[in-house]
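**Q** Pasting input_20.cif below, which is mmCIF, C-alpha atoms.
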```
data_work
#
loop_
_atom_site.group_PDB
_atom_site.id
_atom_site.type_symbol
_atom_site.label_atom_id
_atom_site.label_comp_id
_atom_site.auth_asym_id
_atom_site.auth_seq_id
_atom_site.Cartn_x
_atom_site.Cartn_y
_atom_site.Cartn_z
ATOM 1 C CA SER A 69 0.000 0.000 0.000
ATOM 2 C CA ASP A 70 1.008 3.620 -0.416
ATOM 3 C CA ASN A 71 2.366 5.007 2.808
ATOM 4 C CA MET A 72 -0.340 6.070 5.212
ATOM 5 C CA LYS A 73 -0.083 9.794 5.863
ATOM 6 C CA ASP A 74 1.007 11.067 9.263
ATOM 7 C CA TYR A 75 -1.923 11.802 11.540
ATOM 8 C CA LEU A 76 -3.391 10.923 14.903
ATOM 9 C CA ILE A 77 -6.802 9.994 16.196
ATOM 10 C CA LYS A 78 -8.295 10.381 19.657
ATOM 11 C CA ALA A 79 -11.088 7.930 20.420
ATOM 12 C CA LEU A 80 -13.077 6.335 23.237
ATOM 13 C CA THR A 81 -13.918 2.667 23.798
ATOM 14 C CA CYS A 82 -15.567 0.555 26.537
ATOM 15 C CA GLU A 83 -18.545 2.941 26.652
ATOM 16 C CA GLU A 84 -16.216 5.939 27.055
ATOM 17 C CA ARG A 85 -14.401 4.529 30.087
ATOM 18 C CA VAL A 86 -11.197 3.989 28.087
ATOM 19 C CA ARG A 87 -9.372 6.553 25.964
ATOM 20 C CA VAL A 88 -7.345 5.628 22.875
ATOM 21 C CA TYR A 89 -4.710 7.659 21.027
ATOM 22 C CA ILE A 90 -3.226 6.263 17.824
ATOM 23 C CA CYS A 91 -0.824 7.792 15.326
ATOM 24 C CA SER A 92 0.960 6.973 12.109
ATOM 25 C CA SER A 93 4.318 8.759 12.012
ATOM 26 C CA THR A 94 6.306 7.235 9.135
ATOM 27 C CA ALA A 95 7.086 10.509 7.340
ATOM 28 C CA LEU A 96 8.035 12.468 10.453
ATOM 29 C CA VAL A 97 10.390 9.736 11.668
ATOM 30 C CA GLU A 98 11.892 9.524 8.169
ATOM 31 C CA GLU A 99 12.416 13.301 8.197
ATOM 32 C CA ALA A 100 14.245 13.072 11.528
ATOM 33 C CA ARG A 101 16.328 10.185 10.180
ATOM 34 C CA GLN A 102 17.372 12.172 7.116
ATOM 35 C CA ARG A 103 18.093 15.376 9.038
ATOM 36 C CA PHE A 104 20.491 13.605 11.409
ATOM 37 C CA ASP A 105 21.698 10.828 9.075
ATOM 38 C CA MET A 106 20.544 8.299 11.679
ATOM 39 C CA TYR A 107 21.485 4.622 11.692
ATOM 40 C CA PRO A 108 18.601 2.152 12.235
ATOM 41 C CA THR A 109 18.783 1.688 16.017
ATOM 42 C CA SER A 110 19.114 5.429 16.698
ATOM 43 C CA ALA A 111 16.258 6.089 14.253
ATOM 44 C CA ALA A 112 14.028 3.482 15.899
ATOM 45 C CA ALA A 113 14.716 4.818 19.407
ATOM 46 C CA LEU A 114 14.121 8.472 18.515
ATOM 47 C CA GLY A 115 11.190 7.505 16.285
ATOM 48 C CA ARG A 116 9.435 5.698 19.119
ATOM 49 C CA VAL A 117 9.795 8.742 21.385
ATOM 50 C CA LEU A 118 8.691 11.162 18.632
ATOM 51 C CA SER A 119 5.577 9.013 18.107
ATOM 52 C CA VAL A 120 4.671 8.999 21.812
ATOM 53 C CA GLY A 121 5.492 12.718 21.939
ATOM 54 C CA SER A 122 3.018 13.594 19.200
ATOM 55 C CA MET A 123 0.250 11.769 21.070
ATOM 56 C CA MET A 124 1.220 13.391 24.390
ATOM 57 C CA GLY A 125 1.255 16.792 22.696
ATOM 58 C CA SER A 126 -2.327 16.200 21.596
ATOM 59 C CA MET A 127 -3.259 15.570 25.258
ATOM 60 C CA LEU A 128 -2.289 19.149 26.202
ATOM 61 C CA LYS A 129 -5.108 21.556 26.977
ATOM 62 C CA SER A 130 -4.120 24.615 24.933
ATOM 63 C CA GLU A 131 -1.706 25.770 22.254
ATOM 64 C CA LYS A 132 0.224 27.763 24.858
ATOM 65 C CA GLU A 133 1.342 24.498 26.442
ATOM 66 C CA GLN A 134 4.201 22.258 25.346
ATOM 67 C CA LEU A 135 6.177 19.412 26.813
ATOM 68 C CA THR A 136 9.682 18.044 26.716
ATOM 69 C CA ILE A 137 10.605 14.378 27.067
ATOM 70 C CA ARG A 138 14.144 13.546 28.208
ATOM 71 C CA ILE A 139 15.352 9.953 28.360
ATOM 72 C CA ASN A 140 18.799 8.854 29.424
ATOM 73 C CA GLY A 141 19.425 5.222 30.282
ATOM 74 C CA HIS A 142 23.238 5.465 30.212
ATOM 75 C CA GLY A 143 23.367 3.364 27.051
ATOM 76 C CA PRO A 144 25.517 4.165 23.995
ATOM 77 C CA ILE A 145 22.793 6.308 22.442
ATOM 78 C CA GLY A 146 23.093 8.925 25.215
ATOM 79 C CA THR A 147 20.161 11.294 25.711
ATOM 80 C CA ILE A 148 16.961 11.341 23.678
ATOM 81 C CA LEU A 149 15.277 14.750 23.797
ATOM 82 C CA VAL A 150 11.877 15.442 22.234
ATOM 83 C CA ASP A 151 9.704 18.559 22.320
ATOM 84 C CA ALA A 152 5.987 18.068 21.669
ATOM 85 C CA TYR A 153 3.320 20.661 21.015
ATOM 86 C CA TYR A 154 -0.460 20.973 21.362
ATOM 87 C CA ASP A 155 -1.094 20.379 17.637
ATOM 88 C CA GLY A 156 0.905 17.137 17.651
ATOM 89 C CA HIS A 157 3.987 18.482 15.921
ATOM 90 C CA VAL A 158 7.292 17.342 17.382
ATOM 91 C CA ARG A 159 11.015 17.863 17.110
ATOM 92 C CA GLY A 160 13.852 15.977 18.732
ATOM 93 C CA PHE A 161 17.298 14.489 18.601
ATOM 94 C CA VAL A 162 19.488 11.814 20.119
ATOM 95 C CA SER A 163 23.077 12.277 21.388
ATOM 96 C CA ASP A 164 24.495 9.626 19.072
ATOM 97 C CA PRO A 165 22.585 9.286 15.786
ATOM 98 C CA HIS A 166 25.012 6.615 14.553
ATOM 99 C CA ILE A 167 24.066 3.543 16.606
ATOM 100 C CA MET A 168 23.341 0.225 14.920
ATOM 101 C CA LEU A 169 22.689 -2.573 17.424
ATOM 102 C CA GLN A 170 20.701 -5.745 16.855
ATOM 103 C CA TYR A 171 19.668 -8.550 19.192
ATOM 104 C CA ASN A 172 21.647 -11.622 18.125
ATOM 105 C CA ASP A 173 18.826 -14.121 18.523
ATOM 106 C CA THR A 174 16.066 -12.248 16.676
ATOM 107 C CA GLY A 175 17.967 -9.754 14.502
ATOM 108 C CA LYS A 176 15.571 -7.080 15.799
ATOM 109 C CA LEU A 177 16.913 -3.581 16.431
ATOM 110 C CA ALA A 178 18.182 -3.482 20.018
ATOM 111 C CA VAL A 179 16.575 -0.234 21.153
ATOM 112 C CA GLY A 180 16.661 -1.243 24.837
ATOM 113 C CA MET A 181 20.379 -1.998 24.662
ATOM 114 C CA ALA A 182 21.091 1.278 22.861
ATOM 115 C CA VAL A 183 19.026 3.384 25.290
ATOM 116 C CA GLY A 184 20.013 1.456 28.410
ATOM 117 C CA ASN A 185 17.825 1.006 31.486
ATOM 118 C CA GLN A 186 20.000 2.529 34.211
ATOM 119 C CA GLY A 187 18.453 5.953 34.191
ATOM 120 C CA THR A 188 15.282 7.971 33.913
ATOM 121 C CA LEU A 189 12.418 9.066 31.711
ATOM 122 C CA GLU A 190 11.507 12.653 32.480
ATOM 123 C CA VAL A 191 8.582 14.705 31.195
ATOM 124 C CA ILE A 192 8.523 18.470 31.739
ATOM 125 C CA LYS A 193 5.296 20.256 30.871
ATOM 126 C CA ASP A 194 5.378 23.990 30.261
ATOM 127 C CA LEU A 195 1.786 24.769 31.174
ATOM 128 C CA HIS A 196 2.354 28.508 30.837
ATOM 129 C CA MET A 197 2.085 29.087 34.544
ATOM 130 C CA LYS A 198 4.770 30.196 36.940
ATOM 131 C CA GLU A 199 5.738 26.603 37.691
ATOM 132 C CA ASN A 200 6.447 23.927 35.137
ATOM 133 C CA TRP A 201 5.104 20.450 35.911
ATOM 134 C CA GLY A 202 7.599 17.606 35.883
ATOM 135 C CA GLY A 203 7.407 13.873 36.358
ATOM 136 C CA THR A 204 10.353 11.481 36.455
ATOM 137 C CA VAL A 205 10.366 7.686 36.569
ATOM 138 C CA ALA A 206 13.086 5.050 36.477
ATOM 139 C CA LEU A 207 13.452 3.435 33.067
ATOM 140 C CA GLN A 208 12.020 -0.082 32.973
ATOM 141 C CA SER A 209 13.662 -1.540 29.866
ATOM 142 C CA GLY A 210 14.743 1.271 27.557
ATOM 143 C CA GLU A 211 12.444 -0.182 24.869
ATOM 144 C CA ILE A 212 10.290 2.994 25.230
ATOM 145 C CA GLY A 213 6.752 1.506 25.123
ATOM 146 C CA ASP A 214 6.706 -0.095 28.569
ATOM 147 C CA ASP A 215 8.770 2.823 29.928
ATOM 148 C CA PHE A 216 5.946 5.219 29.001
ATOM 149 C CA ALA A 217 3.291 2.782 30.255
ATOM 150 C CA TYR A 218 5.061 2.904 33.608
ATOM 151 C CA TYR A 219 5.415 6.712 33.420
ATOM 152 C CA PHE A 220 1.661 7.269 32.847
ATOM 153 C CA THR A 221 0.713 4.839 35.588
ATOM 154 C CA ALA A 222 3.238 6.022 38.192
ATOM 155 C CA SER A 223 3.558 9.721 37.402
ATOM 156 C CA GLU A 224 0.154 10.696 36.012
ATOM 157 C CA GLN A 225 -1.882 8.051 37.892
ATOM 158 C CA THR A 226 -3.416 6.879 34.611
ATOM 159 C CA PRO A 227 -3.002 3.131 34.006
ATOM 160 C CA SER A 228 -1.954 2.906 30.349
ATOM 161 C CA ALA A 229 -0.825 0.489 27.679
ATOM 162 C CA VAL A 230 1.672 1.944 25.199
ATOM 163 C CA SER A 231 2.644 0.395 21.893
ATOM 164 C CA VAL A 232 5.228 2.051 19.641
ATOM 165 C CA GLY A 233 7.039 0.735 16.633
ATOM 166 C CA VAL A 234 9.432 1.801 13.904
ATOM 167 C CA LEU A 235 10.114 -0.500 10.980
ATOM 168 C CA VAL A 236 13.380 0.276 9.187
ATOM 169 C CA ASP A 237 13.854 -0.762 5.545
ATOM 170 C CA THR A 238 16.944 -2.442 4.099
ATOM 171 C CA ASP A 239 18.178 0.930 2.764
ATOM 172 C CA ASN A 240 17.871 2.384 6.323
ATOM 173 C CA SER A 241 14.831 4.493 5.401
ATOM 174 C CA ILE A 242 11.729 4.303 7.613
ATOM 175 C CA LYS A 243 9.225 1.819 6.215
ATOM 176 C CA ALA A 244 6.505 2.371 8.816
ATOM 177 C CA ALA A 245 6.177 4.030 12.207
ATOM 178 C CA GLY A 246 3.333 4.568 14.623
ATOM 179 C CA GLY A 247 2.106 4.398 18.169
ATOM 180 C CA MET A 248 -0.893 3.783 20.345
ATOM 181 C CA ILE A 249 -1.693 4.769 23.932
ATOM 182 C CA ILE A 250 -4.690 3.206 25.663
ATOM 183 C CA GLN A 251 -5.660 4.865 28.959
ATOM 184 C CA MET A 252 -8.067 3.792 31.683
ATOM 185 C CA MET A 253 -10.334 6.587 32.845
ATOM 186 C CA PRO A 254 -11.073 6.770 36.592
ATOM 187 C CA ASP A 255 -14.446 5.037 36.055
ATOM 188 C CA ALA A 256 -12.963 2.064 34.142
ATOM 189 C CA LYS A 257 -14.266 -1.309 35.299
ATOM 190 C CA GLU A 258 -12.454 -4.572 35.901
ATOM 191 C CA GLU A 259 -13.989 -6.015 32.702
ATOM 192 C CA ASP A 260 -12.617 -3.066 30.677
ATOM 193 C CA ILE A 261 -9.116 -3.768 31.935
ATOM 194 C CA VAL A 262 -9.462 -7.469 31.078
ATOM 195 C CA LYS A 263 -10.778 -6.628 27.608
ATOM 196 C CA ILE A 264 -7.960 -4.165 26.872
ATOM 197 C CA GLU A 265 -5.305 -6.557 28.169
ATOM 198 C CA GLN A 266 -6.719 -9.178 25.796
ATOM 199 C CA ILE A 267 -6.567 -6.784 22.815
ATOM 200 C CA VAL A 268 -3.006 -5.696 23.629
ATOM 201 C CA ALA A 269 -1.840 -9.295 24.151
ATOM 202 C CA ASN A 270 -3.133 -10.341 20.715
ATOM 203 C CA MET A 271 -1.960 -7.246 18.818
ATOM 204 C CA LYS A 272 0.626 -7.335 16.085
ATOM 205 C CA HIS A 273 3.342 -4.694 16.133
ATOM 206 C CA ILE A 274 1.811 -1.260 15.590
ATOM 207 C CA SER A 275 4.262 -0.641 12.715
ATOM 208 C CA SER A 276 2.918 -3.765 10.941
ATOM 209 C CA TYR A 277 -0.616 -2.352 11.120
ATOM 210 C CA VAL A 278 0.584 1.007 9.778
ATOM 211 C CA LEU A 279 2.296 -0.821 6.915
ATOM 212 C CA GLU A 280 -0.648 -3.088 6.065
ATOM 213 C CA LYS A 281 -3.782 -1.025 6.687
ATOM 214 C CA GLU A 282 -4.978 1.905 4.607
ATOM 215 C CA SER A 283 -5.918 4.094 7.597
ATOM 216 C CA LEU A 284 -5.803 4.446 11.370
ATOM 217 C CA GLU A 285 -9.591 4.039 11.351
ATOM 218 C CA ALA A 286 -9.131 0.575 9.801
ATOM 219 C CA ILE A 287 -6.598 -0.362 12.517
ATOM 220 C CA LEU A 288 -8.956 0.812 15.275
ATOM 221 C CA GLU A 289 -11.833 -1.120 13.719
ATOM 222 C CA GLU A 290 -9.777 -4.319 13.607
ATOM 223 C CA LEU A 291 -8.740 -3.909 17.265
ATOM 224 C CA PHE A 292 -11.916 -2.549 18.867
ATOM 225 C CA GLY A 293 -14.746 -3.443 16.483
ATOM 226 C CA ASP A 294 -17.772 -1.140 16.773
ATOM 227 C CA ASP A 295 -17.094 -0.366 20.444
ATOM 228 C CA LEU A 296 -15.421 2.836 19.346
ATOM 229 C CA GLN A 297 -16.186 6.522 19.230
ATOM 230 C CA ILE A 298 -13.775 8.747 17.292
ATOM 231 C CA LEU A 299 -13.388 12.141 18.968
ATOM 232 C CA SER A 300 -10.943 13.959 16.701
ATOM 233 C CA LYS A 301 -8.227 13.657 14.067
ATOM 234 C CA GLN A 302 -5.226 15.852 13.381
ATOM 235 C CA ASP A 303 -2.188 15.855 11.139
ATOM 236 C CA ILE A 304 1.207 15.523 12.810
ATOM 237 C CA CYS A 305 4.689 16.351 11.544
ATOM 238 C CA PHE A 306 8.315 16.955 12.464
ATOM 239 C CA LYS A 307 8.670 20.726 12.727
ATOM 240 C CA CYS A 308 11.250 22.964 14.387
ATOM 241 C CA ASP A 309 10.683 26.613 15.219
ATOM 242 C CA CYS A 310 14.335 27.614 14.884
ATOM 243 C CA ASP A 311 15.167 30.558 12.622
ATOM 244 C CA LYS A 312 18.040 32.927 11.945
ATOM 245 C CA ALA A 313 16.822 35.497 14.494
ATOM 246 C CA LYS A 314 16.814 32.886 17.289
ATOM 247 C CA MET A 315 20.298 31.757 16.274
ATOM 248 C CA LYS A 316 21.460 35.369 16.349
ATOM 249 C CA ARG A 317 20.156 35.609 19.917
ATOM 250 C CA ALA A 318 22.241 32.522 20.737
ATOM 251 C CA LEU A 319 25.332 34.377 19.465
ATOM 252 C CA THR A 320 24.706 37.194 21.960
ATOM 253 C CA THR A 321 25.090 34.682 24.817
ATOM 254 C CA LEU A 322 28.713 33.977 23.824
ATOM 255 C CA SER A 323 31.577 35.999 25.287
ATOM 256 C CA LYS A 324 32.859 38.996 23.346
ATOM 257 C CA GLU A 325 36.189 37.156 22.871
ATOM 258 C CA GLU A 326 34.422 34.208 21.238
ATOM 259 C CA ARG A 327 32.496 36.499 18.893
ATOM 260 C CA MET A 328 35.622 38.506 17.964
ATOM 261 C CA ALA A 329 37.441 35.257 17.152
ATOM 262 C CA MET A 330 34.627 34.352 14.757
ATOM 263 C CA ILE A 331 34.995 37.742 13.077
ATOM 264 C CA GLU A 332 38.761 38.092 12.953
ATOM 265 C CA GLU A 333 39.918 34.477 12.626
ATOM 266 C CA ASP A 334 37.003 32.625 11.012
ATOM 267 C CA HIS A 335 35.498 35.601 9.077
ATOM 268 C CA GLY A 336 32.013 34.288 9.767
ATOM 269 C CA CYS A 337 30.359 31.339 11.462
ATOM 270 C CA GLU A 338 27.883 28.523 11.038
ATOM 271 C CA ILE A 339 25.473 27.554 13.804
ATOM 272 C CA THR A 340 23.580 24.264 13.774
ATOM 273 C CA CYS A 341 20.248 23.797 15.527
ATOM 274 C CA ASN A 342 20.450 20.808 17.931
ATOM 275 C CA PHE A 343 16.800 19.971 17.399
ATOM 276 C CA CYS A 344 16.651 19.694 13.613
ATOM 277 C CA ASN A 345 20.237 19.997 12.322
ATOM 278 C CA GLU A 346 19.359 23.054 10.235
ATOM 279 C CA ARG A 347 22.478 25.155 9.562
ATOM 280 C CA TYR A 348 22.621 28.941 9.723
ATOM 281 C CA GLN A 349 25.445 30.961 8.143
ATOM 282 C CA PHE A 350 26.549 34.349 9.442
ATOM 283 C CA SER A 351 28.969 36.351 7.301
ATOM 284 C CA GLU A 352 31.757 38.453 8.787
ATOM 285 C CA GLU A 353 29.711 41.546 7.910
ATOM 286 C CA GLU A 354 26.616 40.230 9.732
ATOM 287 C CA LEU A 355 28.748 39.449 12.800
ATOM 288 C CA ARG A 356 30.291 42.963 12.746
ATOM 289 C CA ASP A 357 26.775 44.462 12.529
ATOM 290 C CA LEU A 358 25.715 42.344 15.494
ATOM 291 C CA GLU A 359 28.786 43.450 17.449
ATOM 292 C CA ARG A 360 28.008 47.137 16.785
ATOM 293 C CA PHE A 361 24.431 46.517 17.892
ATOM 294 C CA ILE A 362 25.598 44.827 21.126
ATOM 295 C CA ASP A 363 28.126 47.609 21.831
ATOM 296 C CA THR A 364 25.440 50.290 21.349
ATOM 297 C CA TYR A 365 22.879 48.625 23.594
ATOM 298 C CA ALA A 366 25.186 47.060 26.151
ATOM 299 C CA LYS A 367 26.293 50.550 27.199
ATOM 300 C CA ALA A 368 22.770 51.949 27.399
#
```
Please go through the file and, once you have read it, give me the structure as structure tokens.
**A**
Amino acid sequence: SDNMKDYLIKALTCEERVRVYICSSTALVEEARQRFDMYPTSAAALGRVLSVGSMMGSMLKSEKEQLTIRINGHGPIGTILVDAYYDGHVRGFVSDPHIMLQYNDTGKLAVGMAVGNQGTLEVIKDLHMKENWGGTVALQSGEIGDDFAYYFTASEQTPSAVSVGVLVDTDNSIKAAGGMIIQMMPDAKEEDIVKIEQIVANMKHISSYVLEKESLEAILEELFGDDLQILSKQDICFKCDCDKAKMKRALTTLSKEERMAMIEEDHGCEITCNFCNERYQFSEEELRDLERFIDTYAKA
């Protein structure tokens, strides 16, 4: 089938006592892979977190809010950092984009080994109040899905099942990516929990569904039948809000010596955005203009 487009659906099941989020994220994970020239295991790890991030972004209450996910399990991949926004767009990076690890017995990408499990998963929500909200849990496996299931249950008191998957093609491109979060509402019954556990236990990998089905609606129908009420749909994408003006502001945080070295020795500079790998060039002339501007206003 042609690749399913990137979008997410919010739905209810079990007579509205259970909430379901599902997303297809193939294109956005592929964009991240290309931007950072990621090897398969790095791409799968970041892709899983980007997928969860887009769904968590859609849980926010207003467009003023955003959240940051930081995972470090002291594995070779280092830190995974993802920003997620109210409209489901995400951006993110991983310390080492060039990790390729497979489990010997299955040949599957060894995300848990790459991430490590001797560390934490941290979520910081900027709710546009004086205080940010933060929740931190110990990593369970580093495989991402069960780590977030534990995070929602322990930190947000919402028992959840989380399924995330990234399928990497033989040429290292992303073949399919997606995620699903199923959350028990406070009024969920014992039979709902049993039913959901049954569905999750019998599920294929979410990336297989994204690859095989023509839509998220079709996946939901296969999993939940007619016990389903779709609340909303939205497109999701990888998007960074960096621009030249923001990068210029970053230059003002350097010391005068560092800036003068760029002018007199390097005759210009290039700054790279951590979050999307976009490069920004500043000519010697632009740097001299900036220096004059700083001198004028620093004295004021």
**Q** Where does the PyMOL selection byres ((chain A and resi 301-307) around 7) land in this file, that is, which residues does it pick, as a compact mmCIF listing (two decimals) with C-alpha atoms, in the frame of the given file?
**A**
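Saved file selection05.txt follows:
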```txt
# COMPACT_ATOMS: atom_id res chain seq x y z
CA ASP A 74 1.01 11.07 9.26
CA TYR A 75 -1.92 11.80 11.54
CA LEU A 76 -3.39 10.92 14.90
CA ILE A 77 -6.80 9.99 16.20
CA LYS A 78 -8.30 10.38 19.66
CA LEU A 96 8.04 12.47 10.45
CA GLU A 99 12.42 13.30 8.20
CA SER A 122 3.02 13.59 19.20
CA GLY A 156 0.90 17.14 17.65
CA HIS A 157 3.99 18.48 15.92
CA VAL A 158 7.29 17.34 17.38
CA ARG A 159 11.02 17.86 17.11
CA SER A 300 -10.94 13.96 16.70
CA CYS A 308 11.25 22.96 14.39
CA ASP A 309 10.68 26.61 15.22
```
**Q** Can you pull out every residue within 10 Å of Gln102 of chain A, counting only C-alpha atoms, but drop anything in the same chain fewer than 2 positions away, and send it as a VMD selection string?
**A** chain A and resid 96 to 100 104 to 107 111 240 to 242 344 to 345
**Q** List the residues sitting within 9 Å of (6.5, 15.3, 34.1) in the file's frame, using all atoms listed in the file, as JSON, numbers by chain.
**A** {"A": [135, 136, 137, 189, 190, 191, 192, 193, 200, 201, 202, 203, 204, 205, 219, 223, 224]}
**Q** Write the residues of the selection above to a file with C-alpha atoms, as a tab-separated table (two decimals), in the coordinates of the input.
**A**
```tsv
chain	number	residue	atom	x	y	z
A	135	LEU	CA	6.18	19.41	26.81
A	136	THR	CA	9.68	18.04	26.72
A	137	ILE	CA	10.60	14.38	27.07
A	189	LEU	CA	12.42	9.07	31.71
A	190	GLU	CA	11.51	12.65	32.48
A	191	VAL	CA	8.58	14.70	31.20
A	192	ILE	CA	8.52	18.47	31.74
A	193	LYS	CA	5.30	20.26	30.87
A	200	ASN	CA	6.45	23.93	35.14
A	201	TRP	CA	5.10	20.45	35.91
A	202	GLY	CA	7.60	17.61	35.88
A	203	GLY	CA	7.41	13.87	36.36
A	204	THR	CA	10.35	11.48	36.46
A	205	VAL	CA	10.37	7.69	36.57
A	219	TYR	CA	5.42	6.71	33.42
A	223	SER	CA	3.56	9.72	37.40
A	224	GLU	CA	0.15	10.70	36.01
```
**Q** Under the rule that only C-alpha atoms are counted, which of A:Asp311, A:Glu133, A:Asp237, A:Asp155 is the nearest residue to Thr109 of chain A?
**A**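 Residue with the minimum atom-to-atom distance to Thr109 of chain A: A:Asp237.
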**Q** Using all atoms listed in the file, find the one residue out of A:Ser93, A:Asn185, A:Ser283, A:Thr81 that sits nearest to Arg116 of chain A.
**A**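 Counting all atoms listed in the file, the residue closest to Arg116 of chain A is A:Ser93.
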**Q** For each of A:Ser276, A:Thr364, A:Ser209, A:Ser228, take the minimum atom-to-atom distance to Ile261 of chain A, counting only C-alpha atoms, then give the residue where this is smallest.
**A**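 Going through A:Ser276, A:Thr364, A:Ser209, A:Ser228 one by one, the smallest distance to Ile261 of chain A is for A:Ser228.
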**Q** Measuring atom to atom with all atoms listed in the file, identify which of A:Met72, A:Ile249, A:Met197, A:Leu118 is nearest to Ser92 of chain A.
**A**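 Distance minimum relative to Ser92 of chain A lands on A:Met72.
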**Q** Using the chain letters and residue numbers of this document, give as a JSON list (two decimals) with C-alpha atoms, keeping the file's coordinate frame the residues selected by the PyMOL selection byres ((chain A and resi 362) around 12).
**A**
```
[["chain", "number", "residue", "atom", "x", "y", "z"],
["A", 316, "LYS", "CA", 21.46, 35.37, 16.35],
["A", 317, "ARG", "CA", 20.16, 35.61, 19.92],
["A", 319, "LEU", "CA", 25.33, 34.38, 19.46],
["A", 320, "THR", "CA", 24.71, 37.19, 21.96],
["A", 321, "THR", "CA", 25.09, 34.68, 24.82],
["A", 322, "LEU", "CA", 28.71, 33.98, 23.82],
["A", 323, "SER", "CA", 31.58, 36.00, 25.29],
["A", 324, "LYS", "CA", 32.86, 39.00, 23.35],
["A", 327, "ARG", "CA", 32.50, 36.50, 18.89],
["A", 355, "LEU", "CA", 28.75, 39.45, 12.80],
["A", 356, "ARG", "CA", 30.29, 42.96, 12.75],
["A", 357, "ASP", "CA", 26.78, 44.46, 12.53],
["A", 358, "LEU", "CA", 25.72, 42.34, 15.49],
["A", 359, "GLU", "CA", 28.79, 43.45, 17.45],
["A", 360, "ARG", "CA", 28.01, 47.14, 16.78],
["A", 361, "PHE", "CA", 24.43, 46.52, 17.89],
["A", 363, "ASP", "CA", 28.13, 47.61, 21.83],
["A", 364, "THR", "CA", 25.44, 50.29, 21.35],
["A", 365, "TYR", "CA", 22.88, 48.62, 23.59],
["A", 366, "ALA", "CA", 25.19, 47.06, 26.15],
["A", 367, "LYS", "CA", 26.29, 50.55, 27.20],
["A", 368, "ALA", "CA", 22.77, 51.95, 27.40]]
```
**Q** Can you translate the PyMOL selection byres ((chain A and resi 207) around 12) into the concrete residues it hits in this file, as number ranges by chain?
**A** A: 138-143, 180, 183-190, 204-206, 208-219, 222
